[in-house]
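A.B. asks: I have a structure here, written as structure tokens, and I will follow up with some questions on it.
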Amino acid sequence: MTVVDTALREALRALKLSGMLDTLDARLAQARGGELGHLEFLQTLCHDEIGRRELTAIGRRLRRAHFDTETTLEEFDFHASPKLPAAQIRDLAALRWLHAGESVILYGPVGVGKTHVAQALGHLAIRHGADVRFAKTSRVLADLAGGHADGTWGRRLRELARPPVLILDDFGMRELTARQADDPYELISERAGRSLVLTSNRSPVDWYPLFPNAVVAESLLDRLINTSHQIFMNGPSYRPNKRPRSVADDKKNTTE
């Protein structure tokens, strides 16, 4: 290693350009071999640094999202259920709904892959630079209820309202109390112009009776439902396809 090489490495460390530092040996070898000119060498090192920073930022956003599992649409097995609206789901991958501040509602029976698709859309939004939060609806309601108890409700509401994408899993599972109904109303009002992704076992039209106050239900749900992309997911359970194969399954397959 020459004195110049050593000085360059020290400068990259001082500037916290670890992306350049990690690939420096390979880029120097390319330059010395005549594969890279002076400008190409510098440009390639800059791209290495940009790539490293993008990966770091994605990792940070993924941690903040609190996904149950990191899933992608590329992993989803659409062949497992021919009834699934694959074209509609793939169309959501264009993220036009995110750029327009619109919402997505995925509803249908238990186990068809709604949560997988919701988290996959969140993962895709993160890869395109958006902050995302994922949570079970029941936990969000419990968290906001805790805020009423200890005086931190406003701060908790603002934290939930901040990210461009909020994924609420298992929305509309049970009837709400008057206080519980007020909290999602305030949350969705606070999030005006930011996207929600909801999963539910119920059709959106069946959410209205869950709210004790008809006025709150109309104000909240009409606005939410009328500005959302609604995808009905139907078919056999997707979950058996995600389970590890058992010894019993292997024995059964070998005897058939």
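Here, A, B, ... name the chains of the structure tokens in the order displayed, residue numbers run from 1 inside each chain, and ligands are numbered from 1 in the same displayed order.
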Compile the contact shell of Ala86 in chain A as a list of chain:residue names: residues with an atom at most 12 Å away, counting only C-alpha atoms, same-chain residues fewer than 2 positions apart removed.
C.D. replies: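 Result of the neighbour search: A:Leu73, A:Glu74, A:Phe76, A:Asp77, A:Phe78, A:His79, A:Ala80, A:Ser81, A:Pro82, A:Lys83, A:Leu84, A:Gln88, A:Ile89, A:Arg90, A:Asp91, A:Leu92, A:Ala93, A:Gly113, A:Val117, A:Ile231, A:Phe232, A:Met233, A:Asn234.
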A.B. asks: Go ahead and write the residues just picked, C-alpha atoms, as a PDB file, in the first residue's frame.
C.D. replies:
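File written: again08.pdb
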```pdb
ATOM      1  CA  LEU A  73     -44.583  -8.813  -3.276  1.00  0.00           C
ATOM      2  CA  GLU A  74     -41.864 -10.660  -5.170  1.00  0.00           C
ATOM      3  CA  PHE A  76     -45.882 -13.703  -2.634  1.00  0.00           C
ATOM      4  CA  ASP A  77     -47.160 -16.885  -4.296  1.00  0.00           C
ATOM      5  CA  PHE A  78     -50.111 -15.745  -6.398  1.00  0.00           C
ATOM      6  CA  HIS A  79     -50.402 -19.245  -7.860  1.00  0.00           C
ATOM      7  CA  ALA A  80     -51.405 -20.562  -4.429  1.00  0.00           C
ATOM      8  CA  SER A  81     -54.856 -19.061  -4.951  1.00  0.00           C
ATOM      9  CA  PRO A  82     -56.058 -18.342  -8.499  1.00  0.00           C
ATOM     10  CA  LYS A  83     -59.008 -16.409  -7.035  1.00  0.00           C
ATOM     11  CA  LEU A  84     -56.769 -13.621  -5.740  1.00  0.00           C
ATOM     12  CA  GLN A  88     -55.076  -5.362  -8.857  1.00  0.00           C
ATOM     13  CA  ILE A  89     -52.480  -6.184  -6.212  1.00  0.00           C
ATOM     14  CA  ARG A  90     -49.602  -5.804  -8.655  1.00  0.00           C
ATOM     15  CA  ASP A  91     -51.064  -2.483  -9.779  1.00  0.00           C
ATOM     16  CA  LEU A  92     -50.704  -1.242  -6.196  1.00  0.00           C
ATOM     17  CA  ALA A  93     -46.965  -1.849  -6.540  1.00  0.00           C
ATOM     18  CA  GLY A 113     -52.488 -13.267   2.709  1.00  0.00           C
ATOM     19  CA  VAL A 117     -49.554  -8.068   1.020  1.00  0.00           C
ATOM     20  CA  ILE A 231     -59.186  -5.106  -2.839  1.00  0.00           C
ATOM     21  CA  PHE A 232     -61.257  -8.181  -1.994  1.00  0.00           C
ATOM     22  CA  MET A 233     -58.934 -11.116  -1.341  1.00  0.00           C
ATOM     23  CA  ASN A 234     -60.614 -14.494  -1.442  1.00  0.00           C
TER      24      ASN A 234
END
```
A.B. asks: Do a neighbour search on range 121-125 of chain A at 8 Å with only C-alpha atoms, toss out local chain neighbours closer than 6 positions, and write the hits as a list in words.
C.D. replies: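 Residues meeting the cut-off are Leu62, Glu70, Thr71, Thr72, Leu73, Leu92, Ala93, Leu95, Leu98, Asp131, Val132, Val165 and Ile167 of chain A.
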A.B. asks: Kindly export the residues of the current selection with C-alpha atoms, as a compact mmCIF listing (two decimals), in the first residue's frame.
C.D. replies:
```txt
# COMPACT_ATOMS: atom_id res chain seq x y z
CA LEU A 62 -37.38 -1.11 8.09
CA GLU A 70 -40.27 -8.49 6.29
CA THR A 71 -42.18 -9.63 3.23
CA THR A 72 -42.16 -8.50 -0.38
CA LEU A 73 -44.58 -8.81 -3.28
CA LEU A 92 -50.70 -1.24 -6.20
CA ALA A 93 -46.96 -1.85 -6.54
CA LEU A 95 -47.41 3.23 -5.51
CA LEU A 98 -48.93 6.64 -1.96
CA ASP A 131 -41.37 6.08 6.27
CA VAL A 132 -43.87 3.36 7.27
CA VAL A 165 -47.81 5.21 5.37
CA ILE A 167 -50.58 0.06 8.17
```
A.B. asks: Compile the contact shell of Gly51 in chain A as a PyMOL selection string: residues with an atom at most 12 Å away, counting only C-alpha atoms, same-chain residues fewer than 6 positions apart removed.
C.D. replies: chain A and resi 17-20+22-23+44-45+57-58
A.B. asks: Please extract the residues of range 143-241 of chain A with a backbone DSSP assignment of strand (DSSP E) and present them as a ChimeraX atom specification.
C.D. replies: /A:165-169,195-200,228-232
A.B. asks: Write down as number ranges by chain the residues belonging to range 99-219 of chain A that are assigned alpha helix (DSSP H) by DSSP computed on the backbone.
C.D. replies: A: 99, 114-127, 137-150, 153-161, 178-190, 214-219
A.B. asks: Which residues, written as a list in words, have at least one atom at most 10 Å from Glu54 in chain A, with only C-alpha atoms counted and residues fewer than 5 positions away on the same chain left out?
C.D. replies: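 Close residues of Glu54 in chain A: Asp48, Glu49, Gly59, Arg60, Arg127, His128 and Gly129 of chain A.
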A.B. asks: To one decimal place, how far is CA of Leu224 in chain A from CA of Asp206 in chain A in Å?
C.D. replies: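 If I compute the distance from CA of Leu224 in chain A to CA of Asp206 in chain A, I get 13.6 Å.
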A.B. asks: Return the single residue from A:Arg202, A:Gly154, A:Asp25, A:Cys46 that is closest to Pro109 in chain A, with distances computed using only C-alpha atoms.
C.D. replies: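 Between A:Arg202, A:Gly154, A:Asp25, A:Cys46, the residue approaching Pro109 in chain A most closely is A:Arg202.
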